[in-house]
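Visitor: Got a structure for you, input_29.pdb, holding PDB, C-alpha atoms and all ligand atoms.
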```pdb
MODEL        1
ATOM      1  CA  MET A   1     153.144  64.914 115.613
ATOM      2  CA  LEU A   2     154.961  63.449 118.609
ATOM      3  CA  ASN A   3     153.910  59.933 119.540
ATOM      4  CA  HIS A   4     154.713  60.394 123.225
ATOM      5  CA  ARG A   5     153.287  62.099 126.291
ATOM      6  CA  THR A   6     156.085  61.081 128.668
ATOM      7  CA  VAL A   7     159.760  60.482 127.812
ATOM      8  CA  VAL A   8     162.757  59.501 129.946
ATOM      9  CA  VAL A   9     166.219  60.926 129.167
ATOM     10  CA  SER A  10     169.231  59.480 130.965
ATOM     11  CA  GLY A  11     172.088  61.989 131.106
ATOM     12  CA  GLY A  12     169.855  65.037 130.826
ATOM     13  CA  THR A  13     171.871  67.517 132.859
ATOM     14  CA  SER A  14     174.123  68.715 130.052
ATOM     15  CA  GLY A  15     174.725  68.833 126.316
ATOM     16  CA  ILE A  16     172.601  66.605 124.097
ATOM     17  CA  GLY A  17     170.391  65.195 126.879
ATOM     18  CA  ARG A  18     169.616  68.670 128.196
ATOM     19  CA  ALA A  19     168.743  69.904 124.702
ATOM     20  CA  VAL A  20     166.510  66.868 124.059
ATOM     21  CA  ALA A  21     164.665  67.388 127.349
ATOM     22  CA  LEU A  22     164.031  71.077 126.671
ATOM     23  CA  ASP A  23     163.054  70.502 123.050
ATOM     24  CA  LEU A  24     160.541  67.808 123.994
ATOM     25  CA  ALA A  25     159.133  69.859 126.870
ATOM     26  CA  GLN A  26     158.684  72.735 124.427
ATOM     27  CA  ALA A  27     156.589  70.358 122.322
ATOM     28  CA  GLY A  28     154.330  69.588 125.289
ATOM     29  CA  VAL A  29     155.946  66.319 126.408
ATOM     30  CA  HIS A  30     156.557  65.452 130.066
ATOM     31  CA  VAL A  31     160.206  64.559 130.558
ATOM     32  CA  ALA A  32     162.087  62.793 133.356
ATOM     33  CA  ILE A  33     165.849  63.290 133.264
ATOM     34  CA  SER A  34     168.736  61.879 135.259
ATOM     35  CA  GLY A  35     172.301  62.870 136.048
ATOM     36  CA  ARG A  36     174.632  63.031 139.009
ATOM     37  CA  ASP A  37     174.940  66.820 139.232
ATOM     38  CA  LYS A  38     172.069  68.148 141.371
ATOM     39  CA  SER A  39     172.520  71.833 140.556
ATOM     40  CA  ARG A  40     172.491  71.166 136.815
ATOM     41  CA  LEU A  41     169.433  68.941 137.248
ATOM     42  CA  GLU A  42     167.660  71.840 138.934
ATOM     43  CA  GLU A  43     168.773  74.247 136.220
ATOM     44  CA  VAL A  44     167.282  72.066 133.449
ATOM     45  CA  CYS A  45     164.033  71.516 135.364
ATOM     46  CA  SER A  46     163.651  75.240 135.957
ATOM     47  CA  ALA A  47     164.302  75.995 132.263
ATOM     48  CA  ALA A  48     161.179  74.011 131.265
ATOM     49  CA  PRO A  49     158.477  76.125 129.619
ATOM     50  CA  HIS A  50     155.999  75.252 132.407
ATOM     51  CA  PRO A  51     156.923  74.301 135.986
ATOM     52  CA  GLY A  52     156.818  70.538 136.468
ATOM     53  CA  ASP A  53     157.151  69.642 132.772
ATOM     54  CA  ILE A  54     160.655  68.308 133.442
ATOM     55  CA  ILE A  55     161.519  66.392 136.600
ATOM     56  CA  GLY A  56     165.037  65.411 137.646
ATOM     57  CA  LEU A  57     166.392  62.321 139.353
ATOM     58  CA  ALA A  58     169.845  62.679 140.912
ATOM     59  CA  ALA A  59     171.337  59.283 140.145
ATOM     60  CA  ASP A  60     174.311  57.526 138.620
ATOM     61  CA  ALA A  61     173.559  55.617 135.428
ATOM     62  CA  ARG A  62     175.808  52.805 136.697
ATOM     63  CA  GLU A  63     173.225  51.917 139.364
ATOM     64  CA  PRO A  64     171.456  48.754 138.174
ATOM     65  CA  THR A  65     168.023  50.190 139.017
ATOM     66  CA  HIS A  66     168.624  53.503 137.236
ATOM     67  CA  VAL A  67     165.911  53.092 134.626
ATOM     68  CA  GLU A  68     163.386  51.570 137.011
ATOM     69  CA  GLN A  69     163.841  54.608 139.271
ATOM     70  CA  LEU A  70     163.213  56.941 136.335
ATOM     71  CA  TRP A  71     160.114  55.005 135.338
ATOM     72  CA  GLN A  72     158.735  55.176 138.880
ATOM     73  CA  ALA A  73     159.543  58.896 139.192
ATOM     74  CA  SER A  74     157.712  59.570 135.909
ATOM     75  CA  GLU A  75     154.636  57.701 136.988
ATOM     76  CA  ARG A  76     154.597  59.511 140.340
ATOM     77  CA  ALA A  77     155.063  62.970 138.832
ATOM     78  CA  PHE A  78     153.060  62.714 135.618
ATOM     79  CA  GLY A  79     150.602  59.908 136.304
ATOM     80  CA  SER A  80     151.649  58.148 133.117
ATOM     81  CA  LEU A  81     154.339  55.663 132.184
ATOM     82  CA  PRO A  82     157.011  56.756 129.684
ATOM     83  CA  SER A  83     156.648  55.464 126.146
ATOM     84  CA  ALA A  84     160.151  56.469 125.047
ATOM     85  CA  PHE A  85     163.682  56.314 126.420
ATOM     86  CA  VAL A  86     166.598  58.433 125.189
ATOM     87  CA  LEU A  87     170.028  57.261 126.318
ATOM     88  CA  CYS A  88     172.422  60.207 126.494
ATOM     89  CA  ALA A  89     174.519  59.386 129.586
ATOM     90  CA  GLY A  90     178.064  58.876 128.395
ATOM     91  CA  ARG A  91     181.575  60.219 128.572
ATOM     92  CA  GLY A  92     184.719  60.544 126.514
ATOM     93  CA  LEU A  93     188.385  59.755 127.015
ATOM     94  CA  PRO A  94     191.176  61.479 125.128
ATOM     95  CA  GLY A  95     194.113  59.572 123.714
ATOM     96  CA  SER A  96     195.033  56.306 122.083
ATOM     97  CA  LEU A  97     195.580  52.820 123.462
ATOM     98  CA  LEU A  98     199.117  53.906 124.306
ATOM     99  CA  THR A  99     198.500  57.452 125.487
ATOM    100  CA  SER A 100     195.073  57.443 127.193
ATOM    101  CA  ASP A 101     194.859  57.255 130.995
ATOM    102  CA  HIS A 102     194.385  53.520 131.564
ATOM    103  CA  GLN A 103     193.094  54.173 135.079
ATOM    104  CA  GLN A 104     189.970  55.608 133.456
ATOM    105  CA  TRP A 105     189.335  52.643 131.143
ATOM    106  CA  ASP A 106     187.235  50.835 133.694
ATOM    107  CA  GLU A 107     184.901  53.802 134.262
ATOM    108  CA  LEU A 108     184.702  54.554 130.544
ATOM    109  CA  LEU A 109     183.664  51.018 129.665
ATOM    110  CA  THR A 110     181.298  50.835 132.610
ATOM    111  CA  VAL A 111     179.453  54.077 131.818
ATOM    112  CA  ASN A 112     179.427  53.858 128.013
ATOM    113  CA  LEU A 113     178.851  50.151 127.655
ATOM    114  CA  LEU A 114     177.878  48.119 130.723
ATOM    115  CA  ALA A 115     175.584  50.790 132.169
ATOM    116  CA  ALA A 116     174.165  51.394 128.691
ATOM    117  CA  MET A 117     173.420  47.669 128.371
ATOM    118  CA  GLN A 118     171.653  47.660 131.743
ATOM    119  CA  GLN A 119     169.636  50.723 130.812
ATOM    120  CA  LEU A 120     168.663  49.346 127.408
ATOM    121  CA  ARG A 121     167.592  46.041 128.874
ATOM    122  CA  ALA A 122     165.520  47.737 131.584
ATOM    123  CA  ALA A 123     163.905  50.224 129.186
ATOM    124  CA  ALA A 124     163.179  47.554 126.585
ATOM    125  CA  THR A 125     161.605  45.321 129.229
ATOM    126  CA  ALA A 126     159.439  48.128 130.601
ATOM    127  CA  LEU A 127     158.296  49.263 127.161
ATOM    128  CA  ARG A 128     157.553  45.721 126.050
ATOM    129  CA  ASN A 129     155.510  45.019 129.172
ATOM    130  CA  GLN A 130     153.367  48.117 128.856
ATOM    131  CA  GLY A 131     152.590  48.020 125.148
ATOM    132  CA  GLY A 132     151.029  45.431 123.014
ATOM    133  CA  ASP A 133     147.809  46.863 121.560
ATOM    134  CA  GLY A 134     149.461  46.484 118.156
ATOM    135  CA  GLU A 135     149.064  50.183 117.356
ATOM    136  CA  THR A 136     150.994  52.193 119.929
ATOM    137  CA  VAL A 137     154.593  52.830 118.932
ATOM    138  CA  ARG A 138     157.309  53.083 121.561
ATOM    139  CA  ASP A 139     160.841  54.414 121.076
ATOM    140  CA  ILE A 140     164.365  53.865 122.314
ATOM    141  CA  VAL A 141     166.954  56.338 121.023
ATOM    142  CA  VAL A 142     170.660  55.849 121.713
ATOM    143  CA  ILE A 143     173.446  58.379 121.198
ATOM    144  CA  GLY A 144     176.338  56.618 119.507
ATOM    145  CA  SER A 145     179.038  58.483 117.613
ATOM    146  CA  THR A 146     180.704  58.780 114.231
ATOM    147  CA  VAL A 147     183.751  57.208 115.933
ATOM    148  CA  GLY A 148     181.597  54.132 116.500
ATOM    149  CA  ARG A 149     181.185  53.878 112.722
ATOM    150  CA  VAL A 150     184.440  55.147 111.251
ATOM    151  CA  LEU A 151     187.707  53.868 112.734
ATOM    152  CA  SER A 152     189.368  56.672 114.644
ATOM    153  CA  ALA A 153     193.131  56.712 115.041
ATOM    154  CA  GLY A 154     192.775  59.725 117.319
ATOM    155  CA  ASN A 155     190.198  58.416 119.803
ATOM    156  CA  PRO A 156     190.209  54.611 119.635
ATOM    157  CA  VAL A 157     189.470  53.666 123.254
ATOM    158  CA  TYR A 158     186.357  55.830 123.447
ATOM    159  CA  GLY A 159     185.562  54.711 119.886
ATOM    160  CA  ALA A 160     185.677  51.055 120.936
ATOM    161  CA  THR A 161     182.869  51.651 123.428
ATOM    162  CA  LYS A 162     180.751  53.198 120.685
ATOM    163  CA  PHE A 163     181.479  50.391 118.171
ATOM    164  CA  ALA A 164     180.234  47.888 120.731
ATOM    165  CA  LEU A 165     177.212  50.036 121.552
ATOM    166  CA  HIS A 166     176.264  50.357 117.870
ATOM    167  CA  SER A 167     176.293  46.594 117.515
ATOM    168  CA  LEU A 168     173.998  46.163 120.519
ATOM    169  CA  VAL A 169     171.608  48.837 119.287
ATOM    170  CA  GLU A 170     171.151  47.182 115.898
ATOM    171  CA  SER A 171     170.592  43.778 117.481
ATOM    172  CA  LEU A 172     168.035  45.272 119.865
ATOM    173  CA  ARG A 173     166.286  46.931 116.914
ATOM    174  CA  GLN A 174     165.915  43.569 115.225
ATOM    175  CA  GLU A 175     164.698  41.937 118.442
ATOM    176  CA  LEU A 176     161.991  44.514 119.158
ATOM    177  CA  ALA A 177     160.867  45.597 115.690
ATOM    178  CA  SER A 178     157.910  43.231 115.473
ATOM    179  CA  GLN A 179     156.573  44.589 118.775
ATOM    180  CA  LEU A 180     156.345  48.147 117.430
ATOM    181  CA  ILE A 181     159.306  49.347 119.499
ATOM    182  CA  ARG A 182     161.673  51.427 117.351
ATOM    183  CA  VAL A 183     165.321  51.342 118.412
ATOM    184  CA  THR A 184     167.232  54.191 116.831
ATOM    185  CA  LEU A 185     170.933  55.001 116.683
ATOM    186  CA  VAL A 186     172.029  58.630 116.433
ATOM    187  CA  GLU A 187     175.669  59.142 115.493
ATOM    188  CA  PRO A 188     176.880  62.708 115.918
ATOM    189  CA  GLY A 189     180.237  64.044 114.818
ATOM    190  CA  PHE A 190     181.745  66.931 116.754
ATOM    191  CA  VAL A 191     179.214  68.539 119.106
ATOM    192  CA  ARG A 192     180.145  71.447 121.342
ATOM    193  CA  SER A 193     178.902  70.399 124.807
ATOM    194  CA  GLY A 194     180.231  69.608 128.271
ATOM    195  CA  PHE A 195     181.734  66.441 126.795
ATOM    196  CA  GLN A 196     185.176  67.769 125.842
ATOM    197  CA  GLU A 197     186.026  69.559 129.060
ATOM    198  CA  SER A 198     184.655  66.944 131.436
ATOM    199  CA  ALA A 199     186.672  64.205 129.730
ATOM    200  CA  GLY A 200     189.821  66.347 129.626
ATOM    201  CA  TYR A 201     190.265  66.761 125.883
ATOM    202  CA  ASP A 202     192.840  69.365 124.818
ATOM    203  CA  MET A 203     190.579  72.414 124.423
ATOM    204  CA  GLN A 204     193.148  74.403 122.476
ATOM    205  CA  ALA A 205     193.345  71.619 119.902
ATOM    206  CA  PHE A 206     189.550  71.296 119.889
ATOM    207  CA  ASN A 207     189.110  75.025 119.315
ATOM    208  CA  GLN A 208     191.665  74.921 116.504
ATOM    209  CA  LEU A 209     189.826  71.979 114.944
ATOM    210  CA  GLU A 210     186.630  74.002 115.041
ATOM    211  CA  ARG A 211     188.351  76.904 113.299
ATOM    212  CA  ASP A 212     189.489  74.443 110.585
ATOM    213  CA  GLN A 213     186.366  72.261 110.227
ATOM    214  CA  GLY A 214     183.588  74.032 112.127
ATOM    215  CA  PRO A 215     181.281  75.421 113.167
ATOM    216  CA  PHE A 216     180.636  72.282 115.150
ATOM    217  CA  LEU A 217     177.140  70.974 115.865
ATOM    218  CA  SER A 218     175.209  72.324 118.809
ATOM    219  CA  ALA A 219     173.355  69.991 121.170
ATOM    220  CA  SER A 220     170.121  71.448 119.739
ATOM    221  CA  ASP A 221     171.087  70.249 116.257
ATOM    222  CA  VAL A 222     171.138  66.688 117.607
ATOM    223  CA  ALA A 223     167.911  67.209 119.583
ATOM    224  CA  ARG A 224     166.166  68.334 116.394
ATOM    225  CA  CYS A 225     167.096  65.048 114.698
ATOM    226  CA  ILE A 226     165.798  63.067 117.659
ATOM    227  CA  ARG A 227     162.506  64.943 117.547
ATOM    228  CA  PHE A 228     162.270  64.052 113.826
ATOM    229  CA  VAL A 229     162.623  60.364 114.719
ATOM    230  CA  LEU A 230     159.981  60.571 117.447
ATOM    231  CA  GLU A 231     157.550  62.428 115.189
ATOM    232  CA  GLN A 232     157.393  59.759 112.483
ATOM    233  CA  PRO A 233     154.124  57.852 112.147
ATOM    234  CA  PRO A 234     154.138  54.395 113.765
ATOM    235  CA  HIS A 235     154.866  52.529 110.522
ATOM    236  CA  VAL A 236     157.981  54.624 109.709
ATOM    237  CA  HIS A 237     161.296  54.048 111.430
ATOM    238  CA  VAL A 238     164.234  56.376 110.738
ATOM    239  CA  ASP A 239     166.543  53.945 112.481
ATOM    240  CA  ASP A 240     170.012  55.436 112.039
ATOM    241  CA  ILE A 241     171.020  59.074 111.737
ATOM    242  CA  ARG A 242     174.628  60.201 111.268
ATOM    243  CA  LEU A 243     175.096  63.950 111.437
ATOM    244  CA  ARG A 244     178.349  65.843 111.160
ATOM    245  CA  PRO A 245     179.364  69.468 110.960
ATOM    246  CA  THR A 246     179.349  70.118 107.227
ATOM    247  CA  ARG A 247     183.085  70.772 107.105
ATOM    248  CA  GLN A 248     184.090  67.805 109.313
ATOM    249  CA  LYS A 249     186.200  65.362 107.304
ATOM    250  CA  VAL A 250     186.302  62.158 109.425
TER     251      VAL A 250
HETATM  252  N1  LIG A 301     179.981  66.021 122.254
HETATM  253  C1  LIG A 301     180.342  65.304 121.216
HETATM  254  O1  LIG A 301     181.168  65.721 120.382
HETATM  255  C2  LIG A 301     179.720  63.940 121.002
HETATM  256  C3  LIG A 301     179.836  63.366 119.726
HETATM  257  C4  LIG A 301     179.276  62.118 119.505
HETATM  258  C5  LIG A 301     178.641  61.457 120.532
HETATM  259  N2  LIG A 301     178.545  62.030 121.766
HETATM  260  C6  LIG A 301     177.850  61.268 122.810
HETATM  261  O2  LIG A 301     176.713  61.991 123.212
HETATM  262  C7  LIG A 301     176.341  61.586 124.544
HETATM  263  C8  LIG A 301     176.067  62.835 125.370
HETATM  264  O3  LIG A 301     177.257  63.597 125.424
HETATM  265  P1  LIG A 301     177.252  65.187 125.428
HETATM  266  O4  LIG A 301     178.039  65.644 124.260
HETATM  267  O5  LIG A 301     175.906  65.709 125.619
HETATM  268  O6  LIG A 301     178.182  65.426 126.713
HETATM  269  P2  LIG A 301     177.905  66.174 128.112
HETATM  270  O7  LIG A 301     177.486  67.570 127.851
HETATM  271  O8  LIG A 301     179.150  65.936 128.894
HETATM  272  O9  LIG A 301     176.690  65.351 128.750
HETATM  273  C9  LIG A 301     176.891  64.055 129.257
HETATM  274  C10 LIG A 301     175.696  63.682 130.101
HETATM  275  O10 LIG A 301     175.905  62.343 130.566
HETATM  276  C11 LIG A 301     175.689  62.321 131.960
HETATM  277  N3  LIG A 301     176.500  61.299 132.601
HETATM  278  C12 LIG A 301     177.794  61.022 132.426
HETATM  279  N4  LIG A 301     178.171  60.023 133.224
HETATM  280  C13 LIG A 301     177.072  59.684 133.948
HETATM  281  C14 LIG A 301     176.811  58.732 134.941
HETATM  282  N5  LIG A 301     177.757  57.897 135.408
HETATM  283  N6  LIG A 301     175.557  58.660 135.464
HETATM  284  C15 LIG A 301     174.575  59.498 135.024
HETATM  285  N7  LIG A 301     174.771  60.402 134.072
HETATM  286  C16 LIG A 301     176.008  60.489 133.544
HETATM  287  C17 LIG A 301     176.088  63.717 132.454
HETATM  288  O11 LIG A 301     175.420  63.999 133.670
HETATM  289  P3  LIG A 301     176.159  64.206 135.104
HETATM  290  O12 LIG A 301     177.540  64.699 134.848
HETATM  291  O13 LIG A 301     175.257  65.186 135.808
HETATM  292  O14 LIG A 301     176.124  62.846 135.738
HETATM  293  C18 LIG A 301     175.534  64.571 131.323
HETATM  294  O15 LIG A 301     174.171  64.829 131.548
HETATM  295  C19 LIG A 301     177.497  60.725 125.055
HETATM  296  O16 LIG A 301     177.148  59.370 124.928
HETATM  297  C20 LIG A 301     178.625  61.030 124.092
HETATM  298  O17 LIG A 301     179.499  59.949 123.972
HETATM  299  C21 LIG A 301     179.060  63.264 122.028
ENDMDL
END
```
Please express the file's structure as C-alpha cells.
Guide:
Amino acid sequence: MLNHRTVVVSGGTSGIGRAVALDLAQAGVHVAISGRDKSRLEEVCSAAPHPGDIIGLAADAREPTHVEQLWQASERAFGSLPSAFVLCAGRGLPGSLLTSDHQQWDELLTVNLLAAMQQLRAAATALRNQGGDGETVRDIVVIGSTVGRVLSAGNPVYGATKFALHSLVESLRQELASQLIRVTLVEPGFVRSGFQESAGYDMQAFNQLERDQGPFLSASDVARCIRFVLEQPPHVHVDDIRLRPTRQKV
C-alpha cells in the first residue's frame, strides 16, 4: 500500500517523471509536477485518471525556490502537504571530455547537480519540518544513472554529474534515516524517453544500440520500481535500485 497521499515530482513533463506522475495518480495519489514546457505540463495533467489529480507548475528547476513553489501549489490544490519528493529533472550531454560541447557544461552541471542539491535540501527541510510523530514515513527518490555507478568512457561528462549526485544521495540517506525519511537512489540504464533527442545524442547510433542490446527500458519500467519503493512498509527501505535492459552490457 502506498504511504503517501500527495507527492511532488520535479521534471514531470516527459519520460520517467511523466510516467511516475501517471502511475501514482492511477494509484489514487495527488501529484504536483514541474517542468518548463507548458503544453507538455497540460498534456500530463489532462492524462490523469480524474481531473485535478495531477497539477502542473511551469517552472525551471534551477530557480532556488522551485521546491517551495511546488509545496505551496500542492497545499493550495490538494489541501495537504506532500510527504514524498521524486527528483526527475535532469538532462544529458553526448560526448567525452574532448568531444562534448563545452558551452553546455555549465548548464549540465547546474541542472543535474547544483539545482538537484537545492531541490534535495529544500525537500529534505520541508519533510523534516512536517514529520516527527515517529511513525509516518516520508520519501525522497532521486533518479541517478548506471553511468553514475560504472565508469563510462562514452559519456563521462554527464556521468560525472551522476557520480556526484549518487554521493550526495547516500550521504543524505544517512543524515535523514533516523527521522524516518527514506532517501532512495534509482539508477536506470538505457531508457527510451525524451532524454536522447533533447540532449542531442546520435539517434541513429542509439537505435542501432537498441537493436544490439535492447529492447531498452520504458519510462513505465522505472516508474514501477519507484512505486515498489514507495509501497514498502515504514520499517523497510529499498534504498538503491539499479535496473538495466536485460541485454545491456555496461
Ligand atoms: N533516458 C535514459 O536513458 C536515462 C537513463 C538513466 C538516467 N536518466 C535520468 O532520468 C532523469 C529523467 O530523464 P528522462 O529519461 O525522463 O528524460 P526526459 O524525457 O528528457 O525528461 C526530463 C525531464 O526533466 C525536465 N527538466 C530538464 N531540465 C529542466 C529544468 N531546467 N527545469 C525543470 N525541469 C527540467 C524536463 O522538463 P522540461 O523540458 O519541460 O523542463 C523533463 O520533464 C534524468 O535525471 C536523467 O539523467 C535517464
Visitor: Between A:Val67, A:Leu113, A:Cys88, A:Leu185, single out the one closest to ligand LIG 301 (chain A), counting all atoms listed in the file.
Guide: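 So, comparing all the options, the nearest one is A:Cys88.
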Visitor: What would the selection look like, as a list in words, if the PyMOL selection byres (((chain A and resi 139) around 6) and not hetatm) were run on the coordinates I just shared?
Guide: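 On this input, the PyMOL selection byres (((chain A and resi 139) around 6) and not hetatm) captures Ala84, Arg138, Ile140, Ile181 and Arg182 of chain A.
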Visitor: Residues within 7 Å of ligand LIG 301 (chain A) (all atoms listed in the file), as a PyMOL selection string?
Guide: chain A and resi 10-18+34-37+40+59-62+88-92+111-112+143-146+187-196+198+219
Visitor: From the options A:Leu217, A:Val150, A:Val186, A:Ile226, which residue's atoms come nearest to A:Arg247, counting only C-alpha atoms?
Guide: A:Leu217
Visitor: Here's the selection I'm unsure about, the PyMOL selection byres (((chain A and resi 214) around 10) and not hetatm); applied to the file above, which residues does it give, as a ChimeraX atom specification?
Guide: /A:190-191,207-213,215-217,244-248
Visitor: Need the shell around A:Gln119: protein/DNA/RNA residues with any atom at most 8 Å away, counting only C-alpha atoms. Skip same-chain ones fewer than 4 positions apart. Format as a list of chain:residue names?
Guide: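 Contacts, in chain order: A:Ala61, A:Pro64, A:His66, A:Val67, A:Leu87, A:Ala115, A:Ala123.
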Visitor: Using all atoms listed in the file, which of A:Leu70, A:Leu108, A:Val183, A:Ile54 sits nearest A:Lys162?
Guide: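 Answer, going by the shortest atom-to-atom distance: A:Leu108.
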Visitor: Here's a test: counting only C-alpha atoms, identify every protein, DNA and RNA residue with an atom at most 7 Å from (171.4, 70.5, 121.3) in the file's coordinate frame, and state them as a ChimeraX atom specification.
Guide: /A:15-16,19-20,218-223
Visitor: Identify which of the residues A:Glu231, A:Glu175, A:Asp101, A:Asp239 lies closest to A:Val29, counting all atoms listed in the file when measuring atom-to-atom distances.
Guide: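 The shortest atom-to-atom distance to A:Val29 comes from A:Glu231.
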Visitor: Quick one: pull the distance between atom CA of A:Val8 and atom CA of A:Arg128, Å, one decimal.
Guide: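 Distance between the two atoms: 15.2 Å.
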Visitor: Identify which of the residues A:Ala77, A:Met1, A:Leu165, A:Val141 lies closest to A:Gly52, counting all atoms listed in the file when measuring atom-to-atom distances.
Guide: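 For A:Gly52, the nearest of the candidates is A:Ala77.
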Visitor: Let me know the residues the PyMOL selection byres (((chain A and resi 233) around 12) and not hetatm) catches in the file above, as a ChimeraX atom specification.
Guide: /A:1-4,135-139,180,182,228-232,234-238
Visitor: Kindly give the distance, in Å, that separates atom CA of A:Arg149 and atom CA of A:His166, rounded to a single decimal.
Guide: 7.9 Å
Visitor: Given all atoms listed in the file, how would the per-residue table for stretch 90-111 of chain A near stretch 156-160 of chain A read, listing every residue at most 10 Å away with its closest atom pair and distance in Å to one decimal, sorted by chain and number, as JSON lines?
Guide:
```
{"residue": "A:Arg91", "atom": "CA", "partner": "A:Tyr158", "partner_atom": "CA", "distance": 8.3}
{"residue": "A:Gly92", "atom": "CA", "partner": "A:Tyr158", "partner_atom": "CA", "distance": 5.9}
{"residue": "A:Leu93", "atom": "CA", "partner": "A:Tyr158", "partner_atom": "CA", "distance": 5.7}
{"residue": "A:Pro94", "atom": "CA", "partner": "A:Tyr158", "partner_atom": "CA", "distance": 7.6}
{"residue": "A:Gly95", "atom": "CA", "partner": "A:Pro156", "partner_atom": "CA", "distance": 7.5}
{"residue": "A:Ser96", "atom": "CA", "partner": "A:Pro156", "partner_atom": "CA", "distance": 5.7}
{"residue": "A:Leu97", "atom": "CA", "partner": "A:Val157", "partner_atom": "CA", "distance": 6.2}
{"residue": "A:Leu98", "atom": "CA", "partner": "A:Val157", "partner_atom": "CA", "distance": 9.7}
{"residue": "A:Ser100", "atom": "CA", "partner": "A:Val157", "partner_atom": "CA", "distance": 7.8}
{"residue": "A:His102", "atom": "CA", "partner": "A:Val157", "partner_atom": "CA", "distance": 9.7}
{"residue": "A:Trp105", "atom": "CA", "partner": "A:Val157", "partner_atom": "CA", "distance": 8.0}
{"residue": "A:Leu108", "atom": "CA", "partner": "A:Tyr158", "partner_atom": "CA", "distance": 7.4}
{"residue": "A:Leu109", "atom": "CA", "partner": "A:Tyr158", "partner_atom": "CA", "distance": 8.3}
```
Visitor: How big is the axis-aligned box around all listed atoms of stretch 153-167 of chain A once 4 Å goes on each side, and where's its centre, in Å to one decimal, as AutoDock Vina command-line options?
Guide:
```
--center_x 184.7 --center_y 53.2 --center_z 119.2 --size_x 24.9 --size_y 21.1 --size_z 16.4
```
Visitor: What separation in Å, quoted to one decimal, exists between atom CA of A:Gly131 and atom CA of A:Cys225?
Guide: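 Computing it gives 24.7 Å between the two atoms.
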Visitor: Using all atoms listed in the file, which of the listed residues (A:Ala153, A:Ala73, A:Val250, A:Ala48) sits closest to A:Gly28?
Guide: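 Of A:Ala153, A:Ala73, A:Val250, A:Ala48, the one nearest A:Gly28 is A:Ala48, counting all atoms listed in the file.
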